[in-house]
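Remarks on the structure that follows.
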Amino acid sequence: MATIGGVVANNACGMSAGTIRNSYRLLSSVTFVLPSGTIVNTALPDAEARLWKAEPQLCRDLLDLKERIEADEQLVAQIDAKYKLKNTNGYRLDAFLDGATPVEILRGLVVGFQGTLGFIADATPTREPPPACWRGSRWSRPLPRSPASS
Ligand SMILES: Cc1cc2nc3c(=O)[nH]c(=O)nc-3n(C[C@H](O)[C@H](O)[C@H](O)COP(=O)(O)OP(=O)(O)OC[C@H]3O[C@@H](n4cnc5c(N)ncnc54)[C@H](O)[C@@H]3O)c2cc1C
């Protein structure tokens, strides 16, 4: 029997919804535990402040990686191309493009991370299906953001 944690950690999506109705797109919020023991609940309004307090170096490193990826136009184009198709290989590098903050980046990275960065303790799917106009472009399919970023 599949578990919610396993589905999210695998970025599972069923037979025919590889790029649209997958775990990455349909995850509203997630609670996960980092190897250090830090618990991140992306639904909390102060999730960013909590993470910065508990894991300042991790936050800096995530934003540094984001900056380096975004500075490389070729890499950004390659990442975009990779996720226009079903892609469950390795970490979701598009999390660095979709996420603006450390919590948002981590929220994207836990989808498909196979448990390598922590343990998923809770996951809440979005209630609304993605709009029909979504056609595979990262730009037309915004990542569901945690309340912390709104
Ligand atoms: C016959 C078959 C058909 C399938 N068909 C499809 C399909 O059509 N489409 C599709 O998308 N997928 C498909 N899958 C894959 C399936 O979606 C996943 O195997 C399943 O969702 C994983 O759930 P699980 O609970 O069994 O996870 P497990 O297999 O137990 O674990 C999967 C990974 O997630 C990690 N993990 C598990 N729980 C957690 C947690 N709480 N926190 C962090 N990491 C965790 C594990 O370490 C492991 O790396 C298929 C699998 C099988 C066996």
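Letters A, B, ... go to the chains of the structure tokens in the order shown; residues in each chain start at 1; ligands are counted from 1 in the same order.
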- request: Please identify the residues whose atoms come within 6 Å of ligand 1, using only C-alpha atoms and all ligand atoms, and report them as a PyMOL selection string.
  value: chain A and resi 1-3+5-7+9-10+12-15+114-115+118-121
task: Fewer than 3 positions away in the same chain doesn't count, so skip those; otherwise give me all residues within 12 Å of Thr38 of chain A, counting only C-alpha atoms, as a PyMOL selection string.
output: chain A and resi 31-35+41+47+50-56+58+117-119
Selection above as a file: C-alpha atoms, as a PDB file, in the first residue's frame:
ATOM      1  CA  THR A  31       5.567  19.275   7.191  1.00  0.00           C
ATOM      2  CA  PHE A  32       8.975  17.642   7.105  1.00  0.00           C
ATOM      3  CA  VAL A  33      11.803  16.946   9.504  1.00  0.00           C
ATOM      4  CA  LEU A  34      15.361  17.770   8.469  1.00  0.00           C
ATOM      5  CA  PRO A  35      18.249  15.474   9.505  1.00  0.00           C
ATOM      6  CA  ASN A  41       5.745  23.247   8.431  1.00  0.00           C
ATOM      7  CA  ALA A  47       7.653  29.288   8.645  1.00  0.00           C
ATOM      8  CA  ARG A  50      11.484  29.780  12.092  1.00  0.00           C
ATOM      9  CA  LEU A  51      13.716  28.221   9.453  1.00  0.00           C
ATOM     10  CA  TRP A  52      16.056  31.216   9.362  1.00  0.00           C
ATOM     11  CA  LYS A  53      16.383  31.003  13.150  1.00  0.00           C
ATOM     12  CA  ALA A  54      16.954  27.236  13.250  1.00  0.00           C
ATOM     13  CA  GLU A  55      18.984  26.780  10.046  1.00  0.00           C
ATOM     14  CA  PRO A  56      20.592  30.073   8.976  1.00  0.00           C
ATOM     15  CA  LEU A  58      20.978  26.169   5.154  1.00  0.00           C
ATOM     16  CA  LEU A 117      16.790  15.374   2.769  1.00  0.00           C
ATOM     17  CA  GLY A 118      14.419  14.492   5.577  1.00  0.00           C
ATOM     18  CA  PHE A 119      11.172  12.845   6.615  1.00  0.00           C
TER      19      PHE A 119
END
message: Using only C-alpha atoms, which protein or nucleic acid residues come within 9 Å of Asn11 of chain A? Drop anything in the same chain fewer than 6 positions from it, and give the result as a count of residues only.
response: 9
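Between Leu44 of chain A and the candidates A:Ala81, A:Gln57, A:Glu67, A:Val30, the tightest atom-to-atom separation, counting only C-alpha atoms, involves A:Val30.
Taking only C-alpha atoms into account, Asp64 of chain A lies nearest to A:Thr101 out of the set A:Thr124, A:Gln78, A:Thr101, A:Asn89.
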Need the shell around Val103 of chain A: protein/DNA/RNA residues with any atom at most 10 Å away, counting only C-alpha atoms. Skip same-chain ones fewer than 4 positions apart. Format as a PDB file with C-alpha atoms, in the first residue's frame?
ATOM      1  CA  VAL A  40       9.486  22.708   8.834  1.00  0.00           C
ATOM      2  CA  ASN A  41       5.745  23.247   8.431  1.00  0.00           C
ATOM      3  CA  THR A  42       5.280  25.284   5.267  1.00  0.00           C
ATOM      4  CA  ALA A  43       1.711  26.214   6.268  1.00  0.00           C
ATOM      5  CA  ALA A  47       7.653  29.288   8.645  1.00  0.00           C
ATOM      6  CA  GLU A  48      10.386  31.395   7.026  1.00  0.00           C
ATOM      7  CA  ALA A  49      11.362  33.114  10.277  1.00  0.00           C
ATOM      8  CA  ARG A  50      11.484  29.780  12.092  1.00  0.00           C
ATOM      9  CA  LEU A  51      13.716  28.221   9.453  1.00  0.00           C
ATOM     10  CA  TRP A  52      16.056  31.216   9.362  1.00  0.00           C
ATOM     11  CA  CYS A  59      18.866  29.208   4.252  1.00  0.00           C
ATOM     12  CA  LEU A  62      19.681  27.529  -0.640  1.00  0.00           C
ATOM     13  CA  GLY A  99      10.641  29.089  -4.930  1.00  0.00           C
ATOM     14  CA  ARG A 107       8.897  22.660  -0.222  1.00  0.00           C
ATOM     15  CA  GLY A 108       9.699  22.013  -3.864  1.00  0.00           C
ATOM     16  CA  LEU A 109      12.768  19.891  -3.160  1.00  0.00           C
ATOM     17  CA  ARG A 145       2.855  28.875  -2.346  1.00  0.00           C
ATOM     18  CA  SER A 146       2.835  28.464   1.390  1.00  0.00           C
ATOM     19  CA  ALA A 148       4.339  32.300   4.561  1.00  0.00           C
ATOM     20  CA  SER A 149       5.052  33.891   1.207  1.00  0.00           C
TER      21      SER A 149
END
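The space separating atom CA of Pro125 of chain A from atom CA of Ser28 of chain A comes to 4.9 Å.
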query: What residues in chain A get the DSSP label helix (DSSP H, G or I)? Please answer as a ChimeraX atom specification.
result: /A:4-10,23-26,47-54,56-70,73-82,95-98,102-109,138-140,147-149
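In terms of minimum interatomic distance to Arg92 of chain A, A:Ile79 ranks closest within A:Leu27, A:Ile79, A:Ile4, A:Leu65, counting only C-alpha atoms.
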message: Excluding Lys86 of chain A and its own-chain neighbours fewer than 2 positions away, which residues fall within 7 Å of it when counting only C-alpha atoms? Please give them as a VMD selection string.
response: chain A and resid 18 to 19 83 to 84 88
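Of the residues in segment 1-148 of chain A, those that DSSP places in strand (DSSP E) on the basis of the backbone are Leu27, Ser28, Ser29, Val30, Thr31, Phe32, Val33, Ile39, Val40, Asn41, Phe119, Ile120, Ala121, Asp122, Ala123, Thr124 and Pro125 of chain A.
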For the residues in the current selection, export C-alpha atoms as an mmCIF file, in the first residue's frame.
data_model
loop_
_atom_site.group_PDB
_atom_site.id
_atom_site.type_symbol
_atom_site.label_atom_id
_atom_site.label_comp_id
_atom_site.auth_asym_id
_atom_site.auth_seq_id
_atom_site.Cartn_x
_atom_site.Cartn_y
_atom_site.Cartn_z
ATOM 1 C CA LEU A 27 0.931 19.936 -2.776
ATOM 2 C CA SER A 28 -0.531 22.800 -0.792
ATOM 3 C CA SER A 29 1.661 22.461 2.268
ATOM 4 C CA VAL A 30 3.980 19.936 3.823
ATOM 5 C CA THR A 31 5.567 19.275 7.191
ATOM 6 C CA PHE A 32 8.975 17.642 7.105
ATOM 7 C CA VAL A 33 11.803 16.946 9.504
ATOM 8 C CA ILE A 39 10.696 20.639 11.773
ATOM 9 C CA VAL A 40 9.486 22.708 8.834
ATOM 10 C CA ASN A 41 5.745 23.247 8.431
ATOM 11 C CA PHE A 119 11.172 12.845 6.615
ATOM 12 C CA ILE A 120 7.728 13.912 5.451
ATOM 13 C CA ALA A 121 5.448 13.911 8.481
ATOM 14 C CA ASP A 122 2.390 15.513 6.938
ATOM 15 C CA ALA A 123 1.215 16.664 3.527
ATOM 16 C CA THR A 124 -1.845 18.625 2.445
ATOM 17 C CA PRO A 125 -2.934 18.558 -1.179
#
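Counting only C-alpha atoms and comparing A:Leu63, A:Arg25, A:Pro102, A:Leu97, the residue that lies closest to Ala77 of chain A is A:Leu97.
The space separating atom CA of Val76 of chain A from atom CA of Leu106 of chain A comes to 18.2 Å.
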